[in-house]
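Following: one structure in structure tokens, then a few remarks.
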Amino acid sequence: MVGTGTVDMKAGIAALWGALAWLSERQQDRSRLRLIVVPDEEVGDAISRSVLRDRSLGAPRVWSLEPGRAVGSGETIVAARRGLLCWRLEITGTAAHSGADYWSGRSALVAAAAWSTTAVDQSRPDDGPIVNASRLVAGGQDLVDEGRWDLVRSFERLNVVPDRAVVEGEIRCIDPESAAELETFLATEAQRVADRFGTRAQFEITQRIDAVAASPRQLAAAERVAALAARRGWQIETERDRRGISFTNLLPHPAPHEVLDGLRLVGGGMHTRDEFVSLGSLRRRIELLADMLVVKRD
């Protein structure tokens with residue numbers, strides 16, 4: 001089934017509704033359940049963070065209906081997630097006419113590009129950190145600070161050395177110590193690049209989201225879920241380094257309750273027009289959630 005928003009996040013709600021209907025048809029008791037659906041994923045999580053921390057208090061278990069993944073002949077659930085640092089670098093240079101007075105100018109764009117290259121070079125494959133330079137806006141103050149987007153693709157001000165640049169992006173790390181080291185490195189590198197190009201630089205972290213560690217309690221819970229799946233004839237594996245942020249990242253750490261993540265069905269193409277879900281996975285996840293609700297009854 002293809003459609004924007006199918007796997008992230010509508011499929012999770014559909015699977016839970018299917019599990020509740022499955023139990024109701026079989027007249028089986030189920031655990032007391034509080035469902036939290038929030039409207040601000042991907043846009044700052046201000047509501048999510050407050051509601052999740054408040055509503056999860058006193059709950060013995062918290063389940064997140066974020067998607068699992070297809071692996072070989074099976075699927076995954078998630079025991080650990082990376083943390084996230086969002087950053088912004090602002091560079092101010094010196095404007096000058098590029099023909100008459102080029103060497104008096106100090107290009108904020110060139111300085112920002114040099115810093116961005118060094119920043120993303122800190123990324124490492126596998127379990128290493130990821131540094132993503134997400135966007136770079138550079139030009140004069142009228143474009144960067146005042147939003148003169150009509151200048152883009154025009155001939156106006158192409159003869160001026162750009163004196164303003166803003167770069168924004170993120171760091172994703174499973175290890176908090178590595179994240180702290182990267183933060184220090186990028187701030188130091190911003191000053192070094194500013195000195196090299198004769199500009200001024202201001203680097204700041206604009207958002208911090210904690211990593212979710214794979215605690216023994218989380219791993220034991222994941223093993224129990226894998227056993228339930230095995231009884232149904234399919235395989236569940238546990239991810240210990242999911243790179244995407246989830247609602248579980250917004251809970252207190254360490255969590256005072258059992259947390260399970262990645263319980264939603266698998267698919268692909270998240271955040272694109274080709275987003276899709278596996279209908280075979282939908283059936284498996286409905287049965288799995290139903291089994292969990294029965295086994296976990298108080």
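How things are named: the first chain in the structure tokens is A, the next is B, and so on; residues count from 1 in each chain; ligands count from 1 in the order shown.
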
* Just asking: which residues within stretch 15-89 of chain A are strand (DSSP E or B) according to DSSP, as number ranges by chain? -> A: 61-63, 67, 70-71, 74-78, 81, 83-89

Suppose we keep C-alpha atoms; can you now write the selection as an mmCIF file, in the first residue's frame?
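Here's the written file result.cif:
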data_model
loop_
_atom_site.group_PDB
_atom_site.id
_atom_site.type_symbol
_atom_site.label_atom_id
_atom_site.label_comp_id
_atom_site.auth_asym_id
_atom_site.auth_seq_id
_atom_site.Cartn_x
_atom_site.Cartn_y
_atom_site.Cartn_z
ATOM 1 C CA ARG A 61 5.186 -0.121 30.188
ATOM 2 C CA VAL A 62 5.453 2.340 27.310
ATOM 3 C CA TRP A 63 5.172 1.116 23.729
ATOM 4 C CA PRO A 67 8.152 1.310 12.342
ATOM 5 C CA ALA A 70 12.594 -5.799 7.230
ATOM 6 C CA VAL A 71 15.742 -7.902 7.758
ATOM 7 C CA GLY A 74 12.163 -11.326 9.513
ATOM 8 C CA GLU A 75 11.515 -7.889 10.957
ATOM 9 C CA THR A 76 12.918 -5.792 13.787
ATOM 10 C CA ILE A 77 11.933 -3.974 16.918
ATOM 11 C CA VAL A 78 14.076 -1.260 18.510
ATOM 12 C CA ARG A 81 18.098 4.999 19.472
ATOM 13 C CA GLY A 83 20.497 11.098 20.275
ATOM 14 C CA LEU A 84 20.232 14.273 18.231
ATOM 15 C CA LEU A 85 21.936 17.656 18.355
ATOM 16 C CA CYS A 86 20.633 20.327 15.988
ATOM 17 C CA TRP A 87 23.137 23.080 15.257
ATOM 18 C CA ARG A 88 23.380 26.438 13.528
ATOM 19 C CA LEU A 89 26.452 28.316 12.279
#

* Which distance in Å separates atom CA of A:Leu251 and atom CA of A:Ala19, to one decimal? -> 24.8 Å

Do you have, as a Markdown table, the list of residues of stretch 167-267 of chain A lying at most 8 Å from stretch 272-293 of chain A, each with its nearest atom pair and that distance in Å to one decimal, counting only C-alpha atoms and ordered by chain then number?
| residue | atom | partner | partner_atom | distance |
| --- | --- | --- | --- | --- |
| A:Val225 | CA | A:Met292 | CA | 7.4 |
| A:Leu228 | CA | A:Leu288 | CA | 6.9 |
| A:Ala229 | CA | A:Leu288 | CA | 6.3 |
| A:Leu263 | CA | A:Arg285 | CA | 7.3 |
| A:Arg264 | CA | A:Arg285 | CA | 6.5 |
| A:Leu265 | CA | A:Ser281 | CA | 5.2 |
| A:Val266 | CA | A:Val277 | CA | 6.0 |
| A:Gly267 | CA | A:Val277 | CA | 4.0 |

What does the file look like for those residues with C-alpha atoms, as a PDB file, in the first residue's frame?
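Below you can see selection_12.pdb, which holds the result:
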ATOM      1  CA  VAL A 225       8.385 -10.043  22.111  1.00  0.00           C
ATOM      2  CA  LEU A 228       5.774 -14.216  20.855  1.00  0.00           C
ATOM      3  CA  ALA A 229       6.611 -13.679  17.184  1.00  0.00           C
ATOM      4  CA  LEU A 263       6.395  -2.120  17.152  1.00  0.00           C
ATOM      5  CA  ARG A 264       4.766  -0.867  13.983  1.00  0.00           C
ATOM      6  CA  LEU A 265       4.744  -2.754  10.688  1.00  0.00           C
ATOM      7  CA  VAL A 266       7.509  -2.351   8.158  1.00  0.00           C
ATOM      8  CA  GLY A 267       7.552  -0.401   4.925  1.00  0.00           C
TER       9      GLY A 267
END

* To do: Find the residues around A:Pro256 up to 9 Å (only C-alpha atoms counted), leave out those fewer than 3 positions away in its own chain, and share them as an MDAnalysis selection string.
  => chainID A and resid 57:60 252:253 259

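Using only C-alpha atoms, the shortest contact distance between A:Leu65 and any of A:Val193, A:Ala96, A:Ala187, A:Leu260 is found at A:Leu260.
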
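Atom to atom, atom CA of A:Glu204 and atom CA of A:Glu168 stand 9.8 Å apart.
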
* Asked: Within 12 Å of A:Asp175, counting only C-alpha atoms, which residues qualify if same-chain residues fewer than 5 places away don't, as JSON, numbers by chain?
  -> {"A": [80, 81, 82, 83, 84, 127, 128, 129, 130, 180, 181, 182, 210, 211, 212, 213, 214, 240, 241, 243]}

* To do: Might you pull out every residue within 8 Å of stretch 156-163 of chain A, with only C-alpha atoms counted and same-chain residues fewer than 6 positions away left off, and present them as a list in words?
  => Ile91, Thr92, Gly93, Thr94, Ala95, Ala96, His97, Ser98, Gly99, Tyr102, Gly105, Arg106, Ser107, Ala108, Leu109, Ala138, Gly139, Gly140 and Gln141 of chain A

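Each of A:Ser50, A:Val7, A:Thr188, A:Gly72 was checked against A:Trp234 using only C-alpha atoms; the smallest atom-to-atom distance is that of A:Gly72.
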
* To do: Just the helix (DSSP H, G or I) stuff from stretch 12-261 of chain A, please, per backbone DSSP, written as a ChimeraX atom specification.
  => /A:12-25,46-55,102-104,108-120,141-144,149-151,176-197,216-231,247-250

Output C-alpha atoms of each residue in that selection to a file, as a compact mmCIF listing (two decimals), in the first residue's frame.
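Saved as out.txt:
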# COMPACT_ATOMS: atom_id res chain seq x y z
CA GLY A 12 0.86 2.13 13.69
CA ILE A 13 -2.61 3.33 14.62
CA ALA A 14 -4.15 0.93 12.09
CA ALA A 15 -2.20 -2.01 13.57
CA LEU A 16 -3.28 -1.16 17.12
CA TRP A 17 -6.92 -0.82 16.07
CA GLY A 18 -6.63 -4.15 14.31
CA ALA A 19 -5.19 -5.77 17.44
CA LEU A 20 -8.01 -4.43 19.62
CA ALA A 21 -10.60 -5.67 17.11
CA TRP A 22 -8.86 -9.07 16.97
CA LEU A 23 -9.09 -9.40 20.76
CA SER A 24 -12.68 -8.18 20.85
CA GLU A 25 -13.80 -10.73 18.26
CA ALA A 46 6.94 20.73 21.92
CA ILE A 47 3.52 19.16 22.57
CA SER A 48 4.80 15.59 22.31
CA ARG A 49 7.57 16.12 24.85
CA SER A 50 5.23 17.58 27.48
CA VAL A 51 2.39 15.11 26.95
CA LEU A 52 4.57 12.00 26.83
CA ARG A 53 6.47 12.86 30.00
CA ASP A 54 3.22 13.64 31.84
CA ARG A 55 1.06 10.77 30.59
CA TYR A 102 37.29 41.85 -4.77
CA TRP A 103 40.34 41.43 -2.50
CA SER A 104 38.82 43.68 0.16
CA ALA A 108 30.88 34.34 4.29
CA LEU A 109 29.75 31.79 1.69
CA VAL A 110 33.26 30.42 1.10
CA ALA A 111 33.93 30.22 4.85
CA ALA A 112 30.61 28.44 5.44
CA ALA A 113 31.29 25.96 2.63
CA ALA A 114 34.77 25.17 3.98
CA TRP A 115 33.40 24.60 7.49
CA SER A 116 30.53 22.45 6.18
CA THR A 117 32.94 20.18 4.30
CA THR A 118 35.02 19.62 7.43
CA ALA A 119 31.87 19.07 9.51
CA VAL A 120 30.39 16.32 7.32
CA GLN A 141 22.09 40.56 4.38
CA ASP A 142 19.08 41.36 2.19
CA LEU A 143 18.81 37.70 1.17
CA VAL A 144 19.89 35.86 4.34
CA TRP A 149 14.26 35.32 -2.24
CA ASP A 150 13.61 37.14 -5.51
CA LEU A 151 17.40 37.54 -5.72
CA PRO A 176 26.74 10.82 24.36
CA GLU A 177 30.50 11.24 24.83
CA SER A 178 31.07 11.24 21.08
CA ALA A 179 28.32 13.82 20.65
CA ALA A 180 29.96 16.10 23.22
CA GLU A 181 33.33 15.75 21.50
CA LEU A 182 31.81 16.59 18.13
CA GLU A 183 30.06 19.63 19.55
CA THR A 184 33.38 20.94 20.89
CA PHE A 185 35.18 20.16 17.64
CA LEU A 186 32.63 21.93 15.44
CA ALA A 187 32.61 25.02 17.65
CA THR A 188 36.43 25.15 17.58
CA GLU A 189 36.48 24.57 13.83
CA ALA A 190 34.03 27.45 13.33
CA GLN A 191 36.47 29.84 14.99
CA ARG A 192 39.43 28.42 13.05
CA VAL A 193 37.61 28.86 9.72
CA ALA A 194 36.53 32.38 10.70
CA ASP A 195 40.15 33.32 11.43
CA ARG A 196 41.32 31.76 8.16
CA PHE A 197 38.86 33.68 5.99
CA PRO A 216 19.12 -4.93 30.24
CA ARG A 217 15.45 -4.26 30.95
CA GLN A 218 14.79 -3.15 27.37
CA LEU A 219 16.64 -6.12 25.93
CA ALA A 220 14.77 -8.59 28.14
CA ALA A 221 11.45 -7.10 27.01
CA ALA A 222 12.56 -7.36 23.39
CA GLU A 223 13.40 -11.04 23.89
CA ARG A 224 9.88 -11.69 25.19
CA VAL A 225 8.38 -10.04 22.11
CA ALA A 226 10.66 -12.11 19.86
CA ALA A 227 9.38 -15.25 21.57
CA LEU A 228 5.77 -14.22 20.86
CA ALA A 229 6.61 -13.68 17.18
CA ALA A 230 8.36 -17.06 17.01
CA ARG A 231 5.20 -18.78 18.21
CA PHE A 247 8.92 9.34 20.90
CA THR A 248 10.97 7.16 23.25
CA ASN A 249 13.78 9.74 22.97
CA LEU A 250 11.42 12.25 24.60

* Asked: atom CA of A:Arg135 and atom CA of A:Val166 are how many Å apart?
  -> 8.1 Å
